[in-house]
Amino acid sequence: MIRPPLRAAIVPVTPIQQNCTLIWCTATMQAAVVDPGGDLPRILEAVAQAGVTVEKILLTHGHIDHAGEAKPLADQLGVPIEGPHEADRFWLARLADDGRSWGITGVPFEPDRWLVEGDTVTIGDLSLDVYETPGHTLGHVIFHHAPSDFAQVGDVLFQGSVGRTDLPGGDHAQLVRSITGKLWPLGDVTFIPGHGAVSTFARERQHNPFVSDAALA
């Protein structure tokens, strides 16, 4: 049996049930935690269960349920934070205020590395491409591992839905452009969204009531 180069485990966190994801390189067992919004003991338990070593934290965007406890986790593990795009600085600066509103811990910070389109992030021997996908937030990014036909898309696209655009910096038309212009060209990719079930771009392109080819025709 051939071992896949990339593995991922979803760890739902916060009362909003956000899909924090542990992604690791099977060759090196080095890992990244994507979008640690909260519930750090649950995340650390998943890390221990997978038997991996976390080398960094990756963020798709700056909303509280995705980034609230990124800084405490980074400090605890002694690892850097990469992402999102700098246009989400606004959200990262107000994490404490948003945390109080939602009853979630929120610790403001600035990442060690802002990301832009064309960047790559590494996890062990893996290299993931970064795409800018504004619409849900101005600075939203996604991570794509082409050899695995896998993507982590945050709150851009969901099974049967799309990201909300009623918060500051949201723009529905821009979100649709991000999905059709950045995601669909990647092909039939399996993706983990920020909430809900795993799906594929092909399935959403055919059936999603907001962005299917038929819906946009």
# chains A, B, ... in the order shown; residues from 1 in each chain; ligands from 1

$ residues_around --residues "A:Pro209" --least-positions-apart "3" --cutoff "8 Å" --atoms "only C-alpha atoms" --output "ChimeraX atom specification"
/A:160-161,212,215

$ residues_around --residues "stretch 125-130 of chain A" --least-positions-apart "3" --cutoff "12 Å" --atoms "only C-alpha atoms" --output "number ranges by chain"
A: 4-7, 23-32, 55, 58-60, 82-85, 114-122, 133, 139-153, 182-183, 186

$ atom_distance --atom1 "atom CA of A:Ala70" --atom2 "atom CA of A:Gln49"
20.1 Å

$ select_by_dssp --residues "stretch 30-196 of chain A" --states "helix (DSSP H, G or I)" --output "PyMOL selection string"
chain A and resi 40-50+64-67+70-77+86-93+95-102+146-148+172-186

$ closest_residue --among "A:Pro134, A:Gly181, A:Pro36, A:Gly169" --to "A:Asp65" --atoms "only C-alpha atoms"
A:Pro36

$ atom_distance --atom1 "atom CA of A:Pro168" --atom2 "atom CA of A:Gly106"
18.0 Å

$ atom_distance --atom1 "atom CA of A:Asp39" --atom2 "atom CA of A:Ala67"
11.5 Å

$ closest_residue --among "A:Gly194, A:Pro108, A:Pro80, A:Pro185" --to "A:Gln17" --atoms "only C-alpha atoms"
A:Gly194

$ residues_around --residues "A:Leu40" --least-positions-apart "4" --cutoff "9 Å" --atoms "only C-alpha atoms" --output "PyMOL selection string"
chain A and resi 13+36+44-45+69+72-73

$ select_by_dssp --residues "stretch 13-141 of chain A" --states "strand (DSSP E or B)" --output "number ranges by chain"
A: 13, 18-25, 30-34, 53-58, 81-82, 113, 120-123, 126-132, 141

$ residues_around --residues "A:Asp213" --least-positions-apart "3" --cutoff "12 Å" --atoms "only C-alpha atoms" --output "list in words"
Val176, Ile179, Thr180, Trp184, Phe201, Ala202, Arg203, Glu204, Arg205, Gln206, His207, Asn208, Pro209, Phe210, Leu216 and Ala217 of chain A

$ residues_around --residues "A:Ala46" --least-positions-apart "2" --cutoff "9 Å" --atoms "only C-alpha atoms" --output "number ranges by chain"
A: 9-11, 22, 41-44, 48-51

$ write_last_selection --atoms "N, CA, C and O atoms" --output "short mmCIF file (atom, residue, chain, number, x, y, z; two decimals), in the first residue's frame"
data_model
loop_
_atom_site.label_atom_id
_atom_site.label_comp_id
_atom_site.auth_asym_id
_atom_site.auth_seq_id
_atom_site.Cartn_x
_atom_site.Cartn_y
_atom_site.Cartn_z
N ALA A 9 -6.21 15.85 9.63
CA ALA A 9 -7.22 15.49 10.62
C ALA A 9 -7.96 16.76 11.02
O ALA A 9 -7.33 17.79 11.31
N ILE A 10 -9.28 16.69 11.04
CA ILE A 10 -10.10 17.85 11.40
C ILE A 10 -10.38 17.82 12.91
O ILE A 10 -10.75 16.78 13.46
N VAL A 11 -10.19 18.97 13.54
CA VAL A 11 -10.44 19.12 14.97
C VAL A 11 -11.44 20.27 15.14
O VAL A 11 -11.05 21.44 15.13
N LEU A 22 -5.26 19.69 11.32
CA LEU A 22 -3.87 19.29 11.47
C LEU A 22 -3.45 18.64 10.16
O LEU A 22 -4.04 17.65 9.73
N PRO A 41 -6.49 22.47 24.27
CA PRO A 41 -6.27 21.10 24.74
C PRO A 41 -6.73 20.05 23.72
O PRO A 41 -6.08 19.02 23.53
N ARG A 42 -7.84 20.32 23.04
CA ARG A 42 -8.35 19.39 22.03
C ARG A 42 -7.38 19.32 20.84
O ARG A 42 -7.13 18.23 20.29
N ILE A 43 -6.83 20.47 20.44
CA ILE A 43 -5.86 20.48 19.34
C ILE A 43 -4.59 19.72 19.71
O ILE A 43 -4.09 18.89 18.94
N LEU A 44 -4.09 19.96 20.92
CA LEU A 44 -2.86 19.30 21.37
C LEU A 44 -3.06 17.79 21.52
O LEU A 44 -2.14 17.00 21.28
N ALA A 48 -0.89 14.88 19.61
CA ALA A 48 -0.29 13.72 20.29
C ALA A 48 -0.79 12.42 19.67
O ALA A 48 -0.02 11.48 19.46
N GLN A 49 -2.07 12.38 19.36
CA GLN A 49 -2.66 11.17 18.79
C GLN A 49 -2.06 10.85 17.42
O GLN A 49 -1.84 9.68 17.09
N ALA A 50 -1.79 11.88 16.63
CA ALA A 50 -1.21 11.67 15.30
C ALA A 50 0.29 11.37 15.37
O ALA A 50 0.88 10.89 14.40
N GLY A 51 0.91 11.68 16.51
CA GLY A 51 2.35 11.42 16.67
C GLY A 51 3.21 12.31 15.80
O GLY A 51 4.25 11.89 15.30
#

$ closest_residue --among "A:Val211, A:Met1, A:Ala197, A:Ile64" --to "A:Asp35" --atoms "only C-alpha atoms"
A:Ile64

$ closest_residue --among "A:Cys20, A:Lys56, A:His136, A:Leu167" --to "A:Gly124" --atoms "only C-alpha atoms"
A:Lys56
